[in-house]
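Here's structure.cif, which has mmCIF, C-alpha atoms; chains and numbers go by the auth columns:
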data_model
loop_
_atom_site.group_PDB
_atom_site.id
_atom_site.type_symbol
_atom_site.label_atom_id
_atom_site.label_comp_id
_atom_site.label_asym_id
_atom_site.label_seq_id
_atom_site.Cartn_x
_atom_site.Cartn_y
_atom_site.Cartn_z
_atom_site.B_iso_or_equiv
_atom_site.auth_seq_id
_atom_site.auth_asym_id
ATOM 1 C CA MET A 1 20.362 -14.578 20.629 0.00 238 A
ATOM 2 C CA GLN A 2 20.683 -18.272 19.902 0.00 239 A
ATOM 3 C CA SER A 3 19.619 -20.376 16.928 0.00 240 A
ATOM 4 C CA GLN A 4 18.278 -23.890 17.099 0.00 241 A
ATOM 5 C CA TRP A 5 16.301 -26.191 14.868 0.00 242 A
ATOM 6 C CA LEU A 6 13.225 -28.137 15.963 0.00 243 A
ATOM 7 C CA GLU A 7 11.857 -31.050 13.975 0.00 244 A
ATOM 8 C CA ASN A 8 8.234 -31.131 12.883 0.00 245 A
ATOM 9 C CA ASP A 9 7.324 -34.360 11.117 0.00 246 A
ATOM 10 C CA GLY A 10 10.692 -34.480 9.390 0.00 247 A
ATOM 11 C CA VAL A 11 10.916 -30.741 8.635 0.00 248 A
ATOM 12 C CA ARG A 12 13.590 -28.715 10.457 0.00 249 A
ATOM 13 C CA ILE A 13 12.194 -25.428 11.799 0.00 250 A
ATOM 14 C CA HIS A 14 14.579 -22.588 12.688 0.00 251 A
ATOM 15 C CA VAL A 15 14.047 -20.756 15.963 0.00 252 A
ATOM 16 C CA LEU A 16 15.904 -17.638 17.134 0.00 253 A
ATOM 17 C CA SER A 17 15.612 -17.255 20.903 0.00 254 A
ATOM 18 C CA GLY A 18 16.791 -15.502 24.028 0.00 255 A
ATOM 19 C CA ASP A 19 16.541 -16.013 27.805 0.00 256 A
ATOM 20 C CA LEU A 20 14.590 -19.254 27.562 0.00 257 A
ATOM 21 C CA ASP A 21 15.943 -20.225 30.987 0.00 258 A
ATOM 22 C CA LYS A 22 14.051 -17.340 32.611 0.00 259 A
ATOM 23 C CA GLU A 23 10.619 -17.653 34.175 0.00 260 A
ATOM 24 C CA GLY A 24 7.539 -16.016 32.707 0.00 261 A
ATOM 25 C CA VAL A 25 5.337 -16.385 29.683 0.00 262 A
ATOM 26 C CA LEU A 26 7.224 -17.190 26.510 0.00 263 A
ATOM 27 C CA CYS A 27 6.784 -14.638 23.725 0.00 264 A
ATOM 28 C CA ILE A 28 6.605 -16.444 20.356 0.00 265 A
ATOM 29 C CA VAL A 29 6.794 -14.346 17.168 0.00 266 A
ATOM 30 C CA VAL A 30 5.082 -15.749 14.066 0.00 267 A
ATOM 31 C CA PRO A 31 6.305 -13.766 11.037 0.00 268 A
ATOM 32 C CA GLY A 32 4.264 -12.841 7.987 0.00 269 A
ATOM 33 C CA MET A 33 3.846 -14.933 4.867 0.00 270 A
ATOM 34 C CA LEU A 34 7.412 -14.677 3.577 0.00 271 A
ATOM 35 C CA GLY A 35 9.017 -13.359 6.748 0.00 272 A
ATOM 36 C CA ASP A 36 11.523 -15.214 8.894 0.00 273 A
ATOM 37 C CA ALA A 37 12.958 -15.301 12.392 0.00 274 A
ATOM 38 C CA ASP A 38 16.076 -13.313 11.514 0.00 275 A
ATOM 39 C CA SER A 39 13.998 -10.290 10.477 0.00 276 A
ATOM 40 C CA TYR A 40 12.986 -9.945 14.151 0.00 277 A
ATOM 41 C CA LEU A 41 16.532 -9.972 15.516 0.00 278 A
ATOM 42 C CA GLU A 42 16.511 -6.269 16.469 0.00 279 A
ATOM 43 C CA VAL A 43 13.147 -6.592 18.229 0.00 280 A
ATOM 44 C CA LEU A 44 14.197 -9.727 20.098 0.00 281 A
ATOM 45 C CA GLU A 45 17.481 -8.139 21.206 0.00 282 A
ATOM 46 C CA GLN A 46 15.599 -5.183 22.687 0.00 283 A
ATOM 47 C CA MET A 47 13.114 -7.336 24.603 0.00 284 A
ATOM 48 C CA GLN A 48 13.470 -8.793 28.060 0.00 285 A
ATOM 49 C CA GLY A 49 12.243 -12.162 29.278 0.00 286 A
ATOM 50 C CA PRO A 50 11.919 -15.443 27.407 0.00 287 A
ATOM 51 C CA ARG A 51 11.222 -14.832 23.720 0.00 288 A
ATOM 52 C CA LEU A 52 11.730 -16.357 20.305 0.00 289 A
ATOM 53 C CA ALA A 53 10.842 -16.011 16.649 0.00 290 A
ATOM 54 C CA LEU A 54 10.361 -18.910 14.269 0.00 291 A
ATOM 55 C CA SER A 55 10.647 -19.326 10.522 0.00 292 A
ATOM 56 C CA LEU A 56 7.864 -21.339 8.963 0.00 293 A
ATOM 57 C CA ARG A 57 8.851 -24.129 6.573 0.00 294 A
ATOM 58 C CA GLY A 58 10.505 -22.871 3.422 0.00 295 A
ATOM 59 C CA ARG A 59 11.335 -19.468 4.918 0.00 296 A
ATOM 60 C CA GLY A 60 14.575 -18.142 6.311 0.00 297 A
ATOM 61 C CA ARG A 61 16.815 -20.895 7.659 0.00 298 A
ATOM 62 C CA SER A 62 14.040 -23.468 8.051 0.00 299 A
ATOM 63 C CA GLN A 63 14.014 -26.493 5.796 0.00 300 A
ATOM 64 C CA ALA A 64 12.067 -26.233 2.539 0.00 301 A
ATOM 65 C CA PRO A 65 10.250 -29.540 1.966 0.00 302 A
ATOM 66 C CA ALA A 66 8.912 -30.661 -1.393 0.00 303 A
ATOM 67 C CA ALA A 67 5.657 -29.454 -2.909 0.00 304 A
ATOM 68 C CA GLY A 68 2.647 -30.970 -1.197 0.00 305 A
ATOM 69 C CA SER A 69 3.855 -29.750 2.217 0.00 306 A
ATOM 70 C CA TYR A 70 2.497 -26.176 2.244 0.00 307 A
ATOM 71 C CA SER A 71 -1.194 -26.357 3.090 0.00 308 A
ATOM 72 C CA PHE A 72 -2.517 -24.015 5.772 0.00 309 A
ATOM 73 C CA THR A 73 -2.532 -26.701 8.458 0.00 310 A
ATOM 74 C CA GLN A 74 0.891 -28.041 7.483 0.00 311 A
ATOM 75 C CA GLN A 75 2.367 -24.584 7.899 0.00 312 A
ATOM 76 C CA GLY A 76 0.380 -23.990 11.066 0.00 313 A
ATOM 77 C CA SER A 77 1.739 -27.219 12.502 0.00 314 A
ATOM 78 C CA ASP A 78 5.174 -25.554 12.587 0.00 315 A
ATOM 79 C CA VAL A 79 3.785 -23.127 15.183 0.00 316 A
ATOM 80 C CA LEU A 80 2.279 -26.021 17.130 0.00 317 A
ATOM 81 C CA ALA A 81 5.628 -27.818 17.055 0.00 318 A
ATOM 82 C CA VAL A 82 7.301 -24.825 18.704 0.00 319 A
ATOM 83 C CA ILE A 83 4.561 -24.473 21.334 0.00 320 A
ATOM 84 C CA ASP A 84 4.692 -28.193 22.087 0.00 321 A
ATOM 85 C CA HIS A 85 8.488 -28.286 22.290 0.00 322 A
ATOM 86 C CA TYR A 86 8.677 -25.661 25.022 0.00 323 A
ATOM 87 C CA ASN A 87 5.390 -26.673 26.660 0.00 324 A
ATOM 88 C CA ARG A 88 4.975 -23.549 28.765 0.00 325 A
ATOM 89 C CA PRO A 89 2.524 -20.639 28.940 0.00 326 A
ATOM 90 C CA CYS A 90 3.087 -18.381 25.957 0.00 327 A
ATOM 91 C CA VAL A 91 1.940 -15.336 24.017 0.00 328 A
ATOM 92 C CA LEU A 92 1.745 -15.474 20.222 0.00 329 A
ATOM 93 C CA VAL A 93 2.758 -12.284 18.409 0.00 330 A
ATOM 94 C CA ALA A 94 1.766 -12.615 14.765 0.00 331 A
ATOM 95 C CA HIS A 95 2.396 -10.323 11.823 0.00 332 A
ATOM 96 C CA SER A 96 0.409 -10.114 8.595 0.00 333 A
ATOM 97 C CA VAL A 97 -0.648 -13.548 7.247 0.00 334 A
ATOM 98 C CA GLY A 98 1.005 -15.037 10.332 0.00 335 A
ATOM 99 C CA VAL A 99 -2.144 -13.876 12.163 0.00 336 A
ATOM 100 C CA ALA A 100 -4.082 -16.804 10.683 0.00 337 A
ATOM 101 C CA PHE A 101 -1.512 -19.362 11.856 0.00 338 A
ATOM 102 C CA ALA A 102 -1.422 -17.839 15.351 0.00 339 A
ATOM 103 C CA VAL A 103 -5.214 -17.807 15.769 0.00 340 A
ATOM 104 C CA TRP A 104 -5.423 -21.422 14.599 0.00 341 A
ATOM 105 C CA ALA A 105 -2.570 -22.493 16.878 0.00 342 A
ATOM 106 C CA ALA A 106 -4.136 -20.699 19.865 0.00 343 A
ATOM 107 C CA HIS A 107 -7.353 -22.603 19.236 0.00 344 A
ATOM 108 C CA GLU A 108 -5.449 -25.893 19.083 0.00 345 A
ATOM 109 C CA ARG A 109 -3.350 -25.150 22.201 0.00 346 A
ATOM 110 C CA GLY A 110 -5.654 -22.962 24.242 0.00 347 A
ATOM 111 C CA GLU A 111 -4.361 -24.444 27.494 0.00 348 A
ATOM 112 C CA LEU A 112 -0.926 -22.895 26.847 0.00 349 A
ATOM 113 C CA VAL A 113 -1.603 -19.709 24.836 0.00 350 A
ATOM 114 C CA ARG A 114 -2.318 -16.850 27.244 0.00 351 A
ATOM 115 C CA GLY A 115 -2.518 -14.043 24.709 0.00 352 A
ATOM 116 C CA LEU A 116 -2.681 -13.117 21.027 0.00 353 A
ATOM 117 C CA LEU A 117 -1.088 -9.945 19.680 0.00 354 A
ATOM 118 C CA LEU A 118 -2.229 -9.691 16.050 0.00 355 A
ATOM 119 C CA ILE A 119 -0.448 -7.199 13.810 0.00 356 A
ATOM 120 C CA ASP A 120 -1.950 -5.474 10.780 0.00 357 A
ATOM 121 C CA TYR A 121 -4.012 -8.295 9.256 0.00 358 A
ATOM 122 C CA PRO A 122 -7.485 -9.808 9.617 0.00 359 A
ATOM 123 C CA PRO A 123 -8.028 -13.388 10.884 0.00 360 A
ATOM 124 C CA VAL A 124 -7.978 -14.999 7.444 0.00 361 A
ATOM 125 C CA TYR A 125 -5.595 -17.079 5.358 0.00 362 A
ATOM 126 C CA PRO A 126 -6.014 -16.060 1.716 0.00 363 A
ATOM 127 C CA GLN A 127 -6.121 -18.080 -1.444 0.00 364 A
ATOM 128 C CA PHE A 128 -3.236 -16.514 -3.313 0.00 365 A
ATOM 129 C CA PRO A 129 -3.853 -15.728 -6.990 0.00 366 A
ATOM 130 C CA PRO A 130 -1.274 -16.577 -9.669 0.00 367 A
ATOM 131 C CA ARG A 131 -0.522 -12.837 -9.884 0.00 368 A
ATOM 132 C CA TRP A 132 0.826 -12.938 -6.296 0.00 369 A
ATOM 133 C CA ARG A 133 3.198 -15.756 -7.236 0.00 370 A
ATOM 134 C CA ASP A 134 4.322 -14.064 -10.435 0.00 371 A
ATOM 135 C CA ASP A 135 5.034 -10.732 -8.718 0.00 372 A
ATOM 136 C CA ILE A 136 7.183 -12.401 -6.075 0.00 373 A
ATOM 137 C CA LEU A 137 9.025 -14.606 -8.568 0.00 374 A
ATOM 138 C CA ALA A 138 9.918 -11.509 -10.576 0.00 375 A
ATOM 139 C CA ARG A 139 11.420 -9.897 -7.455 0.00 376 A
ATOM 140 C CA LEU A 140 13.350 -13.064 -6.569 0.00 377 A
ATOM 141 C CA ALA A 141 14.901 -13.548 -9.993 0.00 378 A
ATOM 142 C CA GLU A 142 18.217 -11.851 -9.131 0.00 379 A
ATOM 143 C CA GLU A 143 18.707 -13.331 -5.657 0.00 380 A
ATOM 144 C CA ASP A 144 21.278 -16.026 -4.882 0.00 381 A
ATOM 145 C CA ASP A 145 18.724 -18.509 -3.547 0.00 382 A
ATOM 146 C CA ALA A 146 16.119 -17.679 -6.201 0.00 383 A
ATOM 147 C CA GLU A 147 15.615 -21.275 -7.358 0.00 384 A
ATOM 148 C CA GLU A 148 14.678 -22.708 -3.945 0.00 385 A
ATOM 149 C CA ARG A 149 12.623 -19.707 -2.866 0.00 386 A
ATOM 150 C CA SER A 150 10.782 -19.725 -6.186 0.00 387 A
ATOM 151 C CA ARG A 151 9.925 -23.379 -5.638 0.00 388 A
ATOM 152 C CA VAL A 152 8.514 -22.556 -2.195 0.00 389 A
ATOM 153 C CA VAL A 153 6.484 -19.565 -3.434 0.00 390 A
ATOM 154 C CA THR A 154 5.060 -21.653 -6.273 0.00 391 A
ATOM 155 C CA ALA A 155 3.985 -24.351 -3.809 0.00 392 A
ATOM 156 C CA LEU A 156 2.507 -21.811 -1.378 0.00 393 A
ATOM 157 C CA GLN A 157 0.339 -20.343 -4.106 0.00 394 A
ATOM 158 C CA ALA A 158 -0.725 -23.696 -5.574 0.00 395 A
ATOM 159 C CA GLU A 159 -1.672 -25.175 -2.192 0.00 396 A
ATOM 160 C CA SER A 160 -3.445 -22.117 -0.767 0.00 397 A
ATOM 161 C CA ASN A 161 -7.130 -22.125 0.064 0.00 398 A
ATOM 162 C CA GLN A 162 -8.989 -19.437 1.964 0.00 399 A
ATOM 163 C CA GLU A 163 -9.401 -20.128 5.675 0.00 400 A
ATOM 164 C CA LEU A 164 -11.536 -17.788 7.800 0.00 401 A
ATOM 165 C CA LEU A 165 -10.512 -18.032 11.448 0.00 402 A
ATOM 166 C CA VAL A 166 -13.377 -16.092 13.048 0.00 403 A
ATOM 167 C CA PRO A 167 -14.876 -19.051 14.999 0.00 404 A
ATOM 168 C CA GLN A 168 -11.456 -19.903 16.448 0.00 405 A
ATOM 169 C CA LEU A 169 -10.845 -16.273 17.408 0.00 406 A
ATOM 170 C CA ARG A 170 -14.236 -15.994 19.087 0.00 407 A
ATOM 171 C CA ASP A 171 -13.484 -19.122 21.125 0.00 408 A
ATOM 172 C CA PHE A 172 -10.148 -17.798 22.378 0.00 409 A
ATOM 173 C CA LYS A 173 -10.252 -17.168 26.135 0.00 410 A
ATOM 174 C CA GLY A 174 -6.958 -15.334 26.612 0.00 411 A
ATOM 175 C CA ARG A 175 -6.007 -11.697 26.193 0.00 412 A
ATOM 176 C CA LEU A 176 -6.300 -10.177 22.740 0.00 413 A
ATOM 177 C CA LEU A 177 -4.713 -7.074 21.196 0.00 414 A
ATOM 178 C CA VAL A 178 -4.771 -5.975 17.558 0.00 415 A
ATOM 179 C CA LEU A 179 -2.159 -3.528 16.264 0.00 416 A
ATOM 180 C CA ALA A 180 -2.674 -1.606 13.030 0.00 417 A
ATOM 181 C CA ALA A 181 0.112 0.095 11.097 0.00 418 A
ATOM 182 C CA GLU A 182 -0.101 3.872 10.845 0.00 419 A
ATOM 183 C CA SER A 183 0.663 3.972 7.101 0.00 420 A
ATOM 184 C CA GLU A 184 0.634 1.485 4.202 0.00 421 A
ATOM 185 C CA ALA A 185 -1.511 -0.719 6.432 0.00 422 A
ATOM 186 C CA LEU A 186 -3.102 -3.984 5.344 0.00 423 A
ATOM 187 C CA LEU A 187 -5.515 -3.660 8.248 0.00 424 A
ATOM 188 C CA ARG A 188 -7.691 -0.895 6.853 0.00 425 A
ATOM 189 C CA GLU A 189 -10.915 0.585 8.186 0.00 426 A
ATOM 190 C CA GLY A 190 -12.984 -2.223 6.687 0.00 427 A
ATOM 191 C CA GLU A 191 -10.889 -4.906 8.373 0.00 428 A
ATOM 192 C CA ILE A 192 -10.867 -2.980 11.664 0.00 429 A
ATOM 193 C CA ASP A 193 -14.661 -2.753 11.531 0.00 430 A
ATOM 194 C CA PHE A 194 -14.727 -6.479 10.809 0.00 431 A
ATOM 195 C CA TYR A 195 -12.742 -7.205 13.985 0.00 432 A
ATOM 196 C CA ARG A 196 -15.105 -5.025 15.991 0.00 433 A
ATOM 197 C CA ARG A 197 -18.174 -6.782 14.581 0.00 434 A
ATOM 198 C CA VAL A 198 -16.959 -10.292 15.323 0.00 435 A
ATOM 199 C CA ILE A 199 -15.277 -9.645 18.711 0.00 436 A
ATOM 200 C CA GLU A 200 -17.229 -7.379 21.030 0.00 437 A
ATOM 201 C CA GLY A 201 -15.041 -4.913 22.900 0.00 438 A
ATOM 202 C CA ILE A 202 -11.870 -5.905 21.052 0.00 439 A
ATOM 203 C CA ARG A 203 -8.837 -3.734 21.802 0.00 440 A
ATOM 204 C CA ILE A 204 -7.308 -2.185 18.678 0.00 441 A
ATOM 205 C CA GLU A 205 -4.357 0.228 18.701 0.00 442 A
ATOM 206 C CA VAL A 206 -2.361 2.016 16.004 0.00 443 A
ATOM 207 C CA LEU A 207 1.404 1.544 16.238 0.00 444 A
ATOM 208 C CA PRO A 208 2.974 5.040 15.951 0.00 445 A
ATOM 209 C CA ASP A 209 5.201 5.818 12.961 0.00 446 A
ATOM 210 C CA SER A 210 4.824 2.347 11.505 0.00 447 A
ATOM 211 C CA SER A 211 4.164 0.915 8.065 0.00 448 A
ATOM 212 C CA HIS A 212 2.999 -2.644 7.415 0.00 449 A
ATOM 213 C CA GLU A 213 6.516 -4.030 7.886 0.00 450 A
ATOM 214 C CA VAL A 214 6.462 -3.015 11.536 0.00 451 A
ATOM 215 C CA ALA A 215 9.675 -4.756 12.603 0.00 452 A
ATOM 216 C CA GLU A 216 11.570 -2.635 10.083 0.00 453 A
ATOM 217 C CA SER A 217 9.673 0.654 10.314 0.00 454 A
ATOM 218 C CA ALA A 218 9.049 0.881 14.069 0.00 455 A
ATOM 219 C CA PRO A 219 11.110 -1.717 15.955 0.00 456 A
ATOM 220 C CA ALA A 220 11.254 0.253 19.214 0.00 457 A
ATOM 221 C CA ALA A 221 7.501 0.886 19.303 0.00 458 A
ATOM 222 C CA LEU A 222 6.793 -2.729 18.417 0.00 459 A
ATOM 223 C CA THR A 223 9.148 -3.981 21.122 0.00 460 A
ATOM 224 C CA ALA A 224 7.460 -1.760 23.718 0.00 461 A
ATOM 225 C CA SER A 225 3.989 -2.984 22.722 0.00 462 A
ATOM 226 C CA MET A 226 5.093 -6.610 22.844 0.00 463 A
ATOM 227 C CA GLN A 227 6.757 -6.128 26.225 0.00 464 A
ATOM 228 C CA ARG A 228 3.665 -4.468 27.726 0.00 465 A
ATOM 229 C CA PHE A 229 1.319 -7.086 26.343 0.00 466 A
ATOM 230 C CA CYS A 230 3.431 -9.968 27.642 0.00 467 A
ATOM 231 C CA ALA A 231 3.484 -8.316 31.076 0.00 468 A
ATOM 232 C CA GLU A 232 -0.317 -8.018 30.984 0.00 469 A
ATOM 233 C CA CYS A 233 -0.632 -11.708 30.147 0.00 470 A
ATOM 234 C CA GLU A 234 1.835 -12.554 32.915 0.00 471 A
ATOM 235 C CA SER A 235 -0.136 -10.637 35.546 0.00 472 A
ATOM 236 C CA ALA A 236 -3.426 -12.140 34.341 0.00 473 A
ATOM 237 C CA ASP A 237 -1.973 -15.591 34.813 0.00 474 A
#
Give the structure from the file, written as structure tokens.
Amino acid sequence: MQSQWLENDGVRIHVLSGDLDKEGVLCIVVPGMLGDADSYLEVLEQMQGPRLALSLRGRGRSQAPAAGSYSFTQQGSDVLAVIDHYNRPCVLVAHSVGVAFAVWAAHERGELVRGLLLIDYPPVYPQFPPRWRDDILARLAEEDDAEERSRVVTALQAESNQELLVPQLRDFKGRLLVLAAESEALLREGEIDFYRRVIEGIRIEVLPDSSHEVAESAPAALTASMQRFCAECESAD
């Protein structure tokens, strides 16, 4: 796997990629709220075909800009920057809060996004309460990079506002698959019913032996699901 950094309006975004010289739809992984590209290394190594994972601003090895740079659309623009850089048909695989960024990006770049694989989260970006910030800051206190990460978490919470992405999801014309974790899921029955109400005939599957952190708990099953879904989007194209 190779690392590179793309620039988005002065912010350097880290991308971990493989086989980008190969033909086929590009699989783009959008991690969860505090996830990063490196956490998908095992999954990416097991996959075949062109694929990559990105780290949103302030996460992983991406640059952490100053406060005032972490609104929903500013973060989502990091996904757009990756799509625009490669400018080829792609599938967005999004985990947890990353679902909201992927749905928004697919709406903005519908001519390039062939499929959405949404993992264990509804199509909403939450307004994070101060309690969310405080819990994470307490966990970060002993880490080497605690000061910078704490600054990012504080900005994420302060600049968050709820965004419901149902209209954008309804407008999406490509293939759509929702995966729910088998245990410790954030996509519970109520959220699954919500998906079914807003998208008629939506395809929802449970990922075997997985918890919410699917890349850690069930990397092989996740890789297989991603590979199958990308192949479906390829044949549909």
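The space separating CA of Gly313 (chain A) from CA of Ala342 (chain A) comes to 6.7 Å.
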Close residues, Pro302 (chain A) itself excluded, 12 Å, all atoms listed in the file, min 4 positions apart in chain, as JSON, numbers by chain: {"A": [245, 246, 247, 248, 249, 250, 293, 294, 295, 296, 306, 307, 308, 311, 312, 385, 386, 388, 389, 390, 392, 393]}
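Reported to one decimal place, the separation of CA of Ser276 (chain A) from CA of Glu450 (chain A) is 10.1 Å.
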Mind pulling up the distance from CA of Tyr362 (chain A) to CA of Gly255 (chain A)? 29.2 Å
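Applied to this file, the PyMOL selection byres ((chain A and resi 433-449) around 6) selects the residues Leu414, Val415, Leu416, Ala417, Ala418, Glu419, Ser420, Glu421, Ala422, Asp430, Phe431, Tyr432, Glu450, Val451, Ser454 and Ala455 of chain A.
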Please save C-alpha atoms of the selected residues as a compact mmCIF listing (two decimals), keeping the file's coordinate frame.
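Output file result-v6.txt follows:
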# COMPACT_ATOMS: atom_id res chain seq x y z
CA LEU A 414 -4.71 -7.07 21.20
CA VAL A 415 -4.77 -5.98 17.56
CA LEU A 416 -2.16 -3.53 16.26
CA ALA A 417 -2.67 -1.61 13.03
CA ALA A 418 0.11 0.10 11.10
CA GLU A 419 -0.10 3.87 10.84
CA SER A 420 0.66 3.97 7.10
CA GLU A 421 0.63 1.48 4.20
CA ALA A 422 -1.51 -0.72 6.43
CA ASP A 430 -14.66 -2.75 11.53
CA PHE A 431 -14.73 -6.48 10.81
CA TYR A 432 -12.74 -7.20 13.98
CA GLU A 450 6.52 -4.03 7.89
CA VAL A 451 6.46 -3.02 11.54
CA SER A 454 9.67 0.65 10.31
CA ALA A 455 9.05 0.88 14.07
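Proximity of A:Ala461, A:Ile356, A:Leu317, A:Leu289 to Phe338 (chain A), computed with all atoms listed in the file, is greatest for A:Leu317.
Here the residues that fall within 10 Å of (15.5, -13.1, 30.3), using all atoms listed in the file, are given as Gly255, Asp256, Leu257, Asp258, Lys259, Glu260, Gly261, Leu263, Met284, Gln285, Gly286, Pro287 and Arg288 of chain A.
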9 Å contact set for Gln283 (chain A), all atoms listed in the file, chain neighbours under 5 positions out, as a list in words: Leu278, Pro456, Ala457, Thr460 and Ala461 of chain A
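For Pro359 (chain A), the non-local neighbours within 9 Å, defined as residues at least 2 positions apart in the same chain or in other chains and counting all atoms listed in the file, are Ser333, Val334, Val336, Ala337, Leu355, Ile356, Asp357, Val361, Tyr362, Leu402, Leu423, Leu424, Glu428, Ile429, Phe431 and Tyr432 of chain A.
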Deliver the residues from the most recent selection as a file, using C-alpha atoms, as an mmCIF file, in the coordinates of the input.
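result.cif written:
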data_model
loop_
_atom_site.group_PDB
_atom_site.id
_atom_site.type_symbol
_atom_site.label_atom_id
_atom_site.label_comp_id
_atom_site.auth_asym_id
_atom_site.auth_seq_id
_atom_site.Cartn_x
_atom_site.Cartn_y
_atom_site.Cartn_z
ATOM 1 C CA SER A 333 0.409 -10.114 8.595
ATOM 2 C CA VAL A 334 -0.648 -13.548 7.247
ATOM 3 C CA VAL A 336 -2.144 -13.876 12.163
ATOM 4 C CA ALA A 337 -4.082 -16.804 10.683
ATOM 5 C CA LEU A 355 -2.229 -9.691 16.050
ATOM 6 C CA ILE A 356 -0.448 -7.199 13.810
ATOM 7 C CA ASP A 357 -1.950 -5.474 10.780
ATOM 8 C CA VAL A 361 -7.978 -14.999 7.444
ATOM 9 C CA TYR A 362 -5.595 -17.079 5.358
ATOM 10 C CA LEU A 402 -10.512 -18.032 11.448
ATOM 11 C CA LEU A 423 -3.102 -3.984 5.344
ATOM 12 C CA LEU A 424 -5.515 -3.660 8.248
ATOM 13 C CA GLU A 428 -10.889 -4.906 8.373
ATOM 14 C CA ILE A 429 -10.867 -2.980 11.664
ATOM 15 C CA PHE A 431 -14.727 -6.479 10.809
ATOM 16 C CA TYR A 432 -12.742 -7.205 13.985
#
If you apply the PyMOL selection byres ((chain A and resi 275) around 9) to this file, what residues do you get, as a PyMOL selection string? chain A and resi 252-253+272-274+276-279+290-292+297-298
Write to file, as an mmCIF file, keeping the file's coordinate frame, the residues of the selection just made, with C-alpha atoms.
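Heads up, here's the output in selection-v1.cif:
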data_model
loop_
_atom_site.group_PDB
_atom_site.id
_atom_site.type_symbol
_atom_site.label_atom_id
_atom_site.label_comp_id
_atom_site.auth_asym_id
_atom_site.auth_seq_id
_atom_site.Cartn_x
_atom_site.Cartn_y
_atom_site.Cartn_z
ATOM 1 C CA VAL A 252 14.047 -20.756 15.963
ATOM 2 C CA LEU A 253 15.904 -17.638 17.134
ATOM 3 C CA GLY A 272 9.017 -13.359 6.748
ATOM 4 C CA ASP A 273 11.523 -15.214 8.894
ATOM 5 C CA ALA A 274 12.958 -15.301 12.392
ATOM 6 C CA SER A 276 13.998 -10.290 10.477
ATOM 7 C CA TYR A 277 12.986 -9.945 14.151
ATOM 8 C CA LEU A 278 16.532 -9.972 15.516
ATOM 9 C CA GLU A 279 16.511 -6.269 16.469
ATOM 10 C CA ALA A 290 10.842 -16.011 16.649
ATOM 11 C CA LEU A 291 10.361 -18.910 14.269
ATOM 12 C CA SER A 292 10.647 -19.326 10.522
ATOM 13 C CA GLY A 297 14.575 -18.142 6.311
ATOM 14 C CA ARG A 298 16.815 -20.895 7.659
#
For Leu271 (chain A), which residue out of A:Arg370, A:Arg425, A:Arg325, A:His344 is the nearest one, using only C-alpha atoms? A:Arg370
With all atoms listed in the file as the basis for distance, which of A:Met463, A:Ala452, A:Ile320, A:Val340 is at the shortest distance from Asp408 (chain A)? A:Val340
Give as an mmCIF file with C-alpha atoms, in the frame of the given file every residue, naming chains and numbers as the document does, that has an atom within 9 Å of (23.9, -14.9, 21.3), counting only C-alpha atoms.
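Below is the file that was written, part12.cif:
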data_model
loop_
_atom_site.group_PDB
_atom_site.id
_atom_site.type_symbol
_atom_site.label_atom_id
_atom_site.label_comp_id
_atom_site.auth_asym_id
_atom_site.auth_seq_id
_atom_site.Cartn_x
_atom_site.Cartn_y
_atom_site.Cartn_z
ATOM 1 C CA MET A 238 20.362 -14.578 20.629
ATOM 2 C CA GLN A 239 20.683 -18.272 19.902
ATOM 3 C CA SER A 240 19.619 -20.376 16.928
ATOM 4 C CA SER A 254 15.612 -17.255 20.903
ATOM 5 C CA GLY A 255 16.791 -15.502 24.028
#
Give me the residues within 7 Å of Pro326 (chain A) as a PyMOL selection string, counting all atoms listed in the file and dropping any in the same chain fewer than 4 places off. chain A and resi 262-263+349-351
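With distances taken over all atoms listed in the file, A:Thr391 is the one residue among A:Ser462, A:Gln399, A:Ser472, A:Thr391 lying closest to Gly305 (chain A).
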Pro366 (chain A) environment, 9 Å, only C-alpha atoms, sequence neighbours closer than 4 positions dropped, as a count of residues only: 4
